[in-house]
file model29.pdb (PDB, C-alpha atoms)
ATOM      1  CA  MET H 295     109.058 112.175  37.387
ATOM      2  CA  HIS H 296     108.437 115.201  39.603
ATOM      3  CA  ARG H 297     105.996 113.334  41.864
ATOM      4  CA  THR H 298     108.181 110.196  41.858
ATOM      5  CA  PHE H 299     111.136 112.215  43.132
ATOM      6  CA  PHE H 300     109.193 113.511  46.121
ATOM      7  CA  ARG H 301     107.658 110.105  46.866
ATOM      8  CA  THR H 302     111.194 108.708  46.979
ATOM      9  CA  LEU H 303     112.262 111.391  49.452
ATOM     10  CA  SER H 304     109.357 110.413  51.693
ATOM     11  CA  LEU H 305     110.908 106.973  52.210
ATOM     12  CA  LEU H 306     113.413 108.714  54.494
ATOM     13  CA  SER H 307     112.708 109.683  58.089
ATOM     14  CA  PRO H 308     110.662 112.896  58.474
ATOM     15  CA  ALA H 309     113.743 114.747  59.743
ATOM     16  CA  ALA H 310     115.926 113.608  56.835
ATOM     17  CA  GLN H 311     113.170 114.356  54.347
ATOM     18  CA  GLY H 312     112.875 117.861  55.803
ATOM     19  CA  VAL H 313     116.615 118.487  55.408
ATOM     20  CA  LEU H 314     116.561 117.483  51.749
ATOM     21  CA  LEU H 315     113.410 119.483  51.041
ATOM     22  CA  ARG H 316     115.031 122.551  52.589
ATOM     23  CA  ARG H 317     118.108 122.120  50.402
ATOM     24  CA  TYR H 318     115.984 121.511  47.319
ATOM     25  CA  PHE H 319     113.850 124.620  47.790
ATOM     26  CA  ASN H 320     116.801 126.799  48.704
ATOM     27  CA  TRP H 321     118.308 125.698  45.392
ATOM     28  CA  TRP H 322     115.001 126.255  43.553
ATOM     29  CA  HIS H 323     114.819 129.805  44.919
ATOM     30  CA  ARG H 324     118.291 130.680  43.634
ATOM     31  CA  ASN H 325     116.410 133.043  41.315
ATOM     32  CA  PRO H 326     113.538 135.241  42.529
ATOM     33  CA  ASP H 327     109.943 134.040  42.189
ATOM     34  CA  PRO H 328     110.693 130.805  40.284
ATOM     35  CA  TRP H 329     106.981 129.943  39.913
ATOM     36  CA  LYS H 330     106.018 133.493  38.827
ATOM     37  CA  LEU H 331     103.533 133.700  41.686
ATOM     38  CA  ALA H 332     103.650 137.502  41.659
ATOM     39  CA  THR H 333     102.981 137.895  37.929
ATOM     40  CA  ASP H 334     101.104 134.852  36.600
ATOM     41  CA  SER H 335      97.418 135.648  35.963
ATOM     42  CA  TYR H 336      96.429 132.071  36.882
ATOM     43  CA  GLU H 337      97.990 132.457  40.327
ATOM     44  CA  GLN H 338      96.355 135.839  40.867
ATOM     45  CA  GLN H 339      92.937 134.444  39.956
ATOM     46  CA  LYS H 340      93.483 131.499  42.300
ATOM     47  CA  TYR H 341      94.307 133.851  45.179
ATOM     48  CA  LEU H 342      91.184 135.915  44.505
ATOM     49  CA  SER H 343      88.953 132.844  44.226
ATOM     50  CA  THR H 344      90.332 131.449  47.481
ATOM     51  CA  LEU H 345      89.696 134.659  49.417
ATOM     52  CA  GLN H 346      86.153 134.967  48.042
ATOM     53  CA  LEU H 347      85.235 131.522  49.399
ATOM     54  CA  LEU H 348      86.200 132.212  53.013
ATOM     55  CA  PRO H 349      83.393 131.969  55.565
ATOM     56  CA  PRO H 350      82.595 135.440  56.977
ATOM     57  CA  ARG H 351      84.264 135.176  60.375
ATOM     58  CA  PRO H 352      86.604 137.414  62.373
ATOM     59  CA  TYR H 353      90.154 136.263  61.571
ATOM     60  CA  GLN H 354      92.663 137.753  63.975
ATOM     61  CA  ARG H 355      95.491 135.218  63.654
ATOM     62  CA  ILE H 356      96.328 133.782  60.224
ATOM     63  CA  VAL H 357      99.043 131.381  59.076
ATOM     64  CA  GLU H 358     100.096 130.391  55.571
ATOM     65  CA  VAL H 359     101.950 127.056  55.467
ATOM     66  CA  GLY H 360     104.268 126.831  52.474
ATOM     67  CA  CYS H 361     104.329 130.584  51.871
ATOM     68  CA  ALA H 362     107.392 130.589  49.546
ATOM     69  CA  GLU H 363     108.338 134.226  48.869
ATOM     70  CA  GLY H 364     105.246 135.635  50.535
ATOM     71  CA  VAL H 365     103.149 136.683  47.536
ATOM     72  CA  PHE H 366      99.882 135.370  48.980
ATOM     73  CA  THR H 367     100.977 136.394  52.488
ATOM     74  CA  HIS H 368     101.180 139.954  51.194
ATOM     75  CA  ALA H 369      97.676 139.606  49.740
ATOM     76  CA  LEU H 370      96.421 138.345  53.111
ATOM     77  CA  ALA H 371      97.904 141.372  54.856
ATOM     78  CA  ALA H 372      95.943 143.618  52.488
ATOM     79  CA  ALA H 373      92.718 141.611  52.853
ATOM     80  CA  PHE H 374      92.887 141.441  56.669
ATOM     81  CA  PRO H 375      94.477 144.717  57.800
ATOM     82  CA  ASP H 376      93.843 144.057  61.501
ATOM     83  CA  ALA H 377      95.112 140.466  61.634
ATOM     84  CA  GLU H 378      98.451 139.096  62.756
ATOM     85  CA  ILE H 379      99.808 136.980  59.905
ATOM     86  CA  THR H 380     102.510 134.306  59.925
ATOM     87  CA  GLY H 381     104.134 132.799  56.853
ATOM     88  CA  VAL H 382     105.883 129.438  57.231
ATOM     89  CA  ASP H 383     108.238 127.839  54.752
ATOM     90  CA  VAL H 384     111.110 125.367  54.715
ATOM     91  CA  SER H 385     113.385 127.590  52.572
ATOM     92  CA  GLU H 386     115.406 130.331  54.252
ATOM     93  CA  ARG H 387     116.150 131.880  50.863
ATOM     94  CA  ALA H 388     112.450 132.167  50.011
ATOM     95  CA  LEU H 389     111.702 133.659  53.416
ATOM     96  CA  ALA H 390     114.392 136.316  53.020
ATOM     97  CA  ARG H 391     112.557 137.578  49.922
ATOM     98  CA  ALA H 392     109.214 137.267  51.695
ATOM     99  CA  ARG H 393     110.437 139.582  54.456
ATOM    100  CA  GLU H 394     111.551 142.132  51.869
ATOM    101  CA  ARG H 395     108.103 141.995  50.262
ATOM    102  CA  VAL H 396     106.304 143.044  53.469
ATOM    103  CA  GLN H 397     109.062 145.204  54.895
ATOM    104  CA  GLY H 398     107.709 147.711  57.405
ATOM    105  CA  ASN H 399     104.528 145.741  58.186
ATOM    106  CA  ALA H 400     104.875 144.746  61.837
ATOM    107  CA  ARG H 401     101.759 142.558  61.661
ATOM    108  CA  VAL H 402     103.456 140.053  59.333
ATOM    109  CA  ARG H 403     106.248 137.681  60.325
ATOM    110  CA  PHE H 404     107.896 134.674  58.760
ATOM    111  CA  VAL H 405     109.125 131.437  60.346
ATOM    112  CA  GLN H 406     111.429 128.809  58.871
ATOM    113  CA  ALA H 407     109.917 125.427  59.728
ATOM    114  CA  ASP H 408     109.087 121.998  58.336
ATOM    115  CA  ILE H 409     105.438 120.978  58.585
ATOM    116  CA  LEU H 410     106.377 117.344  59.239
ATOM    117  CA  THR H 411     108.465 117.989  62.343
ATOM    118  CA  HIS H 412     107.553 121.460  63.676
ATOM    119  CA  ARG H 413     104.839 121.642  66.346
ATOM    120  CA  PRO H 414     104.213 125.263  67.332
ATOM    121  CA  ASP H 415     102.369 126.241  70.485
ATOM    122  CA  GLU H 416     100.346 128.862  68.623
ATOM    123  CA  ARG H 417      96.856 128.356  67.265
ATOM    124  CA  PHE H 418      95.253 130.286  64.426
ATOM    125  CA  ASP H 419      91.791 131.384  63.327
ATOM    126  CA  LEU H 420      92.661 130.821  59.660
ATOM    127  CA  VAL H 421      95.136 128.312  58.212
ATOM    128  CA  PHE H 422      96.138 128.162  54.530
ATOM    129  CA  CYS H 423      97.970 125.343  52.779
ATOM    130  CA  SER H 424      98.230 125.783  49.020
ATOM    131  CA  GLU H 425     100.235 123.821  46.434
ATOM    132  CA  THR H 426     102.291 122.170  49.184
ATOM    133  CA  LEU H 427     101.051 118.693  50.109
ATOM    134  CA  TYR H 428     102.195 116.964  46.901
ATOM    135  CA  TYR H 429     105.806 117.679  47.869
ATOM    136  CA  LEU H 430     105.442 115.434  50.921
ATOM    137  CA  GLY H 431     105.127 112.176  49.009
ATOM    138  CA  ARG H 432     103.476 109.015  50.196
ATOM    139  CA  THR H 433     100.378 108.329  52.253
ATOM    140  CA  GLU H 434     101.962 108.262  55.704
ATOM    141  CA  ARG H 435     103.420 111.735  55.206
ATOM    142  CA  LEU H 436     100.108 113.133  53.985
ATOM    143  CA  ARG H 437      98.459 111.739  57.100
ATOM    144  CA  ARG H 438     101.153 113.311  59.289
ATOM    145  CA  ALA H 439     100.977 116.690  57.546
ATOM    146  CA  SER H 440      97.168 116.745  57.742
ATOM    147  CA  ALA H 441      97.356 116.129  61.485
ATOM    148  CA  ARG H 442      99.855 118.977  61.875
ATOM    149  CA  LEU H 443      97.601 121.336  59.929
ATOM    150  CA  GLY H 444      94.640 120.419  62.112
ATOM    151  CA  GLU H 445      96.704 121.105  65.235
ATOM    152  CA  LEU H 446      97.228 124.684  64.082
ATOM    153  CA  LEU H 447      93.507 125.480  64.315
ATOM    154  CA  ALA H 448      92.105 127.471  67.203
ATOM    155  CA  PRO H 449      88.561 126.585  68.315
ATOM    156  CA  GLY H 450      86.189 127.712  65.593
ATOM    157  CA  GLY H 451      89.090 128.112  63.159
ATOM    158  CA  VAL H 452      89.031 127.575  59.393
ATOM    159  CA  LEU H 453      91.542 125.608  57.319
ATOM    160  CA  VAL H 454      91.806 126.155  53.555
ATOM    161  CA  ALA H 455      93.610 123.662  51.299
ATOM    162  CA  VAL H 456      94.193 124.493  47.622
ATOM    163  CA  HIS H 457      95.676 121.933  45.218
ATOM    164  CA  PRO H 458      95.396 120.783  41.591
ATOM    165  CA  TRP H 459      92.251 118.915  40.579
ATOM    166  CA  PRO H 460      91.638 115.965  40.592
ATOM    167  CA  GLU H 461      94.835 115.302  42.586
ATOM    168  CA  ALA H 462      93.270 117.279  45.446
ATOM    169  CA  THR H 463      90.997 114.283  46.096
ATOM    170  CA  ARG H 464      94.043 112.271  47.203
ATOM    171  CA  LEU H 465      95.899 115.131  48.865
ATOM    172  CA  HIS H 466      92.930 116.284  50.969
ATOM    173  CA  ARG H 467      91.838 112.778  51.948
ATOM    174  CA  TYR H 468      93.146 112.898  55.519
ATOM    175  CA  LEU H 469      91.791 116.358  56.115
ATOM    176  CA  ASP H 470      88.398 114.984  55.057
ATOM    177  CA  ARG H 471      88.735 112.231  57.632
ATOM    178  CA  SER H 472      89.714 114.447  60.548
ATOM    179  CA  LEU H 473      87.881 117.768  60.040
ATOM    180  CA  PRO H 474      84.363 118.750  58.995
ATOM    181  CA  ARG H 475      84.368 120.063  55.442
ATOM    182  CA  LEU H 476      82.519 123.363  55.238
ATOM    183  CA  GLY H 477      82.656 123.555  51.462
ATOM    184  CA  GLN H 478      84.593 122.914  48.286
ATOM    185  CA  GLU H 479      84.792 124.647  44.937
ATOM    186  CA  VAL H 480      86.434 123.070  41.886
ATOM    187  CA  TYR H 481      87.658 125.409  39.154
ATOM    188  CA  THR H 482      87.958 123.671  35.782
ATOM    189  CA  ALA H 483      87.754 126.640  33.385
ATOM    190  CA  THR H 484      91.524 127.067  33.451
ATOM    191  CA  TYR H 485      94.530 125.347  31.926
ATOM    192  CA  ARG H 486      95.340 123.906  35.370
ATOM    193  CA  PRO H 487      92.156 122.984  37.259
ATOM    194  CA  PHE H 488      92.276 123.332  41.041
ATOM    195  CA  ALA H 489      90.113 122.727  44.095
ATOM    196  CA  VAL H 490      89.633 124.940  47.129
ATOM    197  CA  SER H 491      88.551 122.830  50.131
ATOM    198  CA  ILE H 492      87.478 124.544  53.349
ATOM    199  CA  TYR H 493      87.446 122.811  56.727
ATOM    200  CA  GLY H 494      86.647 123.858  60.259
ATOM    201  CA  THR H 495      84.174 123.830  63.066
ATOM    202  CA  ASP H 496      81.357 126.118  64.107
ATOM    203  CA  PRO H 497      82.481 129.215  65.987
ATOM    204  CA  ILE H 498      82.167 128.897  69.749
TER
END
call {"tool": "encode", "arguments": {"input": "model29.pdb", "output": "structure tokens"}}
result
Amino acid sequence: MHRTFFRTLSLLSPAAQGVLLRRYFNWWHRNPDPWKLATDSYEQQKYLSTLQLLPPRPYQRIVEVGCAEGVFTHALAAAFPDAEITGVDVSERALARARERVQGNARVRFVQADILTHRPDERFDLVFCSETLYYLGRTERLRRASARLGELLAPGGVLVAVHPWPEATRLHRYLDRSLPRLGQEVYTATYRPFAVSIYGTDPI
């Protein structure tokens, strides 16, 4: 029923879908940390596994698409103390809590935006998209979102997509078609298997 609801929303125009997703997630974040991202051991292990798989490159500009309340954004700030980090989410309420979480860290900022309609001028060395694509619904929207994610990459940049397995096969399909895959790790020794897929090009 959860996936059917979001597929139904994707029958609307991208702009209308974005409005409803913003309202939905503002409602979902009426209470702090509704997914327990800051306390769930599964989430913490997923963050650690994701960071360990990153290619050893200099990452000066990092963006997390679908950052929610900034739990992983905060982890990125600790892992890359010299980088400028941007968290993007559709929910203003989630972003307000994200800003509180990293208060005083001038290297981290948050932007309210919808991946389907927002086209920033900035490009990043490292792009994260985790547990986000399944909210976008049908095939056309996955294709559109994958294109937007690719547009965020600077030359030689790395894109990391993390989603449940085996659903990640469908969700990452258009990334596979448009970007070279540098690697993938599937974690099945957990109650909720997930895949970390890494895309990018050789550094210039």
call {"tool": "residues_around", "arguments": {"input": "model29.pdb", "residues": "H:Pro414", "least_positions_apart": "2", "cutoff": "10 Å", "atoms": "all atoms listed in the file", "output": "mmCIF file with C-alpha atoms, keeping the file's coordinate frame"}}
result
data_model
loop_
_atom_site.group_PDB
_atom_site.id
_atom_site.type_symbol
_atom_site.label_atom_id
_atom_site.label_comp_id
_atom_site.auth_asym_id
_atom_site.auth_seq_id
_atom_site.Cartn_x
_atom_site.Cartn_y
_atom_site.Cartn_z
ATOM 1 C CA ALA H 407 109.917 125.427 59.728
ATOM 2 C CA ILE H 409 105.438 120.978 58.585
ATOM 3 C CA THR H 411 108.465 117.989 62.343
ATOM 4 C CA HIS H 412 107.553 121.460 63.676
ATOM 5 C CA GLU H 416 100.346 128.862 68.623
ATOM 6 C CA ARG H 417 96.856 128.356 67.265
ATOM 7 C CA ARG H 442 99.855 118.977 61.875
ATOM 8 C CA GLU H 445 96.704 121.105 65.235
ATOM 9 C CA LEU H 446 97.228 124.684 64.082
#
call {"tool": "residues_around", "arguments": {"input": "model29.pdb", "residues": "H:Val456", "least_positions_apart": "3", "cutoff": "6 Å", "atoms": "only C-alpha atoms", "output": "PDB file with C-alpha atoms, keeping the file's coordinate frame"}}
result
ATOM      1  CA  SER H 424      98.230 125.783  49.020  1.00  0.00           C
ATOM      2  CA  ALA H 489      90.113 122.727  44.095  1.00  0.00           C
ATOM      3  CA  VAL H 490      89.633 124.940  47.129  1.00  0.00           C
TER       4      VAL H 490
END
call {"tool": "resolve_selection", "arguments": {"input": "model29.pdb", "expression": "the PyMOL selection byres ((chain H and resi 384) around 12)", "output": "number ranges by chain"}}
result
H: 311-323, 359-363, 381-383, 385-390, 404-412, 426, 429
call {"tool": "closest_residue", "arguments": {"input": "model29.pdb", "among": "H:Ala332, H:Trp459, H:Leu469, H:Pro375", "to": "H:Ala439", "atoms": "only C-alpha atoms"}}
result
H:Leu469
call {"tool": "resolve_selection", "arguments": {"input": "model29.pdb", "expression": "the PyMOL selection byres ((chain H and resi 430-432) around 10)", "output": "ChimeraX atom specification"}}
result
/H:297-305,308,311-312,315,409-410,426-429,433-439,465
call {"tool": "atom_distance", "arguments": {"input": "model29.pdb", "atom1": "atom CA of H:Ala441", "atom2": "atom CA of H:Ala455"}}
result
13.2 Å
call {"tool": "atom_distance", "arguments": {"input": "model29.pdb", "atom1": "atom CA of H:Arg395", "atom2": "atom CA of H:Leu370"}}
result
12.6 Å
call {"tool": "atom_distance", "arguments": {"input": "model29.pdb", "atom1": "atom CA of H:Gln397", "atom2": "atom CA of H:Ser335"}}
result
24.2 Å
call {"tool": "closest_residue", "arguments": {"input": "model29.pdb", "among": "H:Pro326, H:Gly477, H:Pro349, H:Gly451", "to": "H:Phe418", "atoms": "only C-alpha atoms"}}
result
H:Gly451
call {"tool": "decode", "arguments": {"input": "model29.pdb", "residues": "stretch 359-379 of chain H", "atoms": "N, CA, C and O atoms", "output": "tab-separated table (two decimals), in the first residue's frame"}}
result
chain	number	residue	atom	x	y	z
H	359	VAL	N	21.01	14.28	-1.03
H	359	VAL	CA	19.65	14.50	-1.54
H	359	VAL	C	18.69	13.63	-0.75
H	359	VAL	O	18.83	12.41	-0.71
H	360	GLY	N	17.70	14.26	-0.14
H	360	GLY	CA	16.78	13.53	0.74
H	360	GLY	C	17.38	13.38	2.12
H	360	GLY	O	17.40	12.29	2.70
H	361	CYS	N	17.86	14.48	2.70
H	361	CYS	CA	18.64	14.43	3.94
H	361	CYS	C	17.78	14.32	5.19
H	361	CYS	O	18.30	14.08	6.28
H	362	ALA	N	16.44	14.51	5.07
H	362	ALA	CA	15.55	14.46	6.23
H	362	ALA	C	16.05	15.41	7.31
H	362	ALA	O	16.31	16.58	7.04
H	363	GLU	N	16.25	14.91	8.53
H	363	GLU	CA	16.64	15.77	9.64
H	363	GLU	C	18.15	15.87	9.84
H	363	GLU	O	18.63	16.32	10.87
H	364	GLY	N	18.90	15.46	8.82
H	364	GLY	CA	20.33	15.72	8.80
H	364	GLY	C	21.20	14.79	9.62
H	364	GLY	O	22.34	15.14	9.92
H	365	VAL	N	20.72	13.59	9.93
H	365	VAL	CA	21.53	12.66	10.71
H	365	VAL	C	22.78	12.24	9.94
H	365	VAL	O	23.91	12.33	10.45
H	366	PHE	N	22.60	11.80	8.70
H	366	PHE	CA	23.76	11.40	7.90
H	366	PHE	C	24.56	12.62	7.47
H	366	PHE	O	25.80	12.55	7.37
H	367	THR	N	23.92	13.75	7.26
H	367	THR	CA	24.64	14.98	6.94
H	367	THR	C	25.63	15.32	8.05
H	367	THR	O	26.77	15.73	7.80
H	368	HIS	N	25.18	15.14	9.28
H	368	HIS	CA	26.06	15.38	10.44
H	368	HIS	C	27.23	14.41	10.42
H	368	HIS	O	28.38	14.80	10.72
H	369	ALA	N	26.98	13.16	10.07
H	369	ALA	CA	28.05	12.17	9.97
H	369	ALA	C	29.05	12.54	8.87
H	369	ALA	O	30.26	12.36	9.02
H	370	LEU	N	28.53	13.07	7.76
H	370	LEU	CA	29.41	13.51	6.67
H	370	LEU	C	30.31	14.66	7.11
H	370	LEU	O	31.49	14.72	6.75
H	371	ALA	N	29.75	15.58	7.89
H	371	ALA	CA	30.54	16.71	8.37
H	371	ALA	C	31.69	16.23	9.25
H	371	ALA	O	32.79	16.80	9.22
H	372	ALA	N	31.45	15.16	10.02
H	372	ALA	CA	32.52	14.61	10.86
H	372	ALA	C	33.55	13.84	10.02
H	372	ALA	O	34.75	13.89	10.30
H	373	ALA	N	33.08	13.14	8.99
H	373	ALA	CA	33.97	12.33	8.17
H	373	ALA	C	34.82	13.17	7.22
H	373	ALA	O	35.93	12.77	6.86
H	374	PHE	N	34.29	14.33	6.80
H	374	PHE	CA	35.00	15.19	5.85
H	374	PHE	C	35.07	16.60	6.43
H	374	PHE	O	34.33	17.50	6.03
H	375	PRO	N	35.96	16.82	7.40
H	375	PRO	CA	35.99	18.08	8.13
H	375	PRO	C	36.39	19.30	7.31
H	375	PRO	O	36.19	20.43	7.77
H	376	ASP	N	36.92	19.11	6.11
H	376	ASP	CA	37.31	20.23	5.28
H	376	ASP	C	36.34	20.51	4.14
H	376	ASP	O	36.53	21.45	3.37
H	377	ALA	N	35.30	19.70	4.01
H	377	ALA	CA	34.38	19.81	2.88
H	377	ALA	C	33.23	20.77	3.18
H	377	ALA	O	32.84	20.95	4.34
H	378	GLU	N	32.70	21.35	2.11
H	378	GLU	CA	31.44	22.08	2.19
H	378	GLU	C	30.31	21.10	1.90
H	378	GLU	O	30.35	20.40	0.88
H	379	ILE	N	29.31	21.04	2.77
H	379	ILE	CA	28.29	20.01	2.68
H	379	ILE	C	26.91	20.65	2.60
H	379	ILE	O	26.59	21.57	3.36
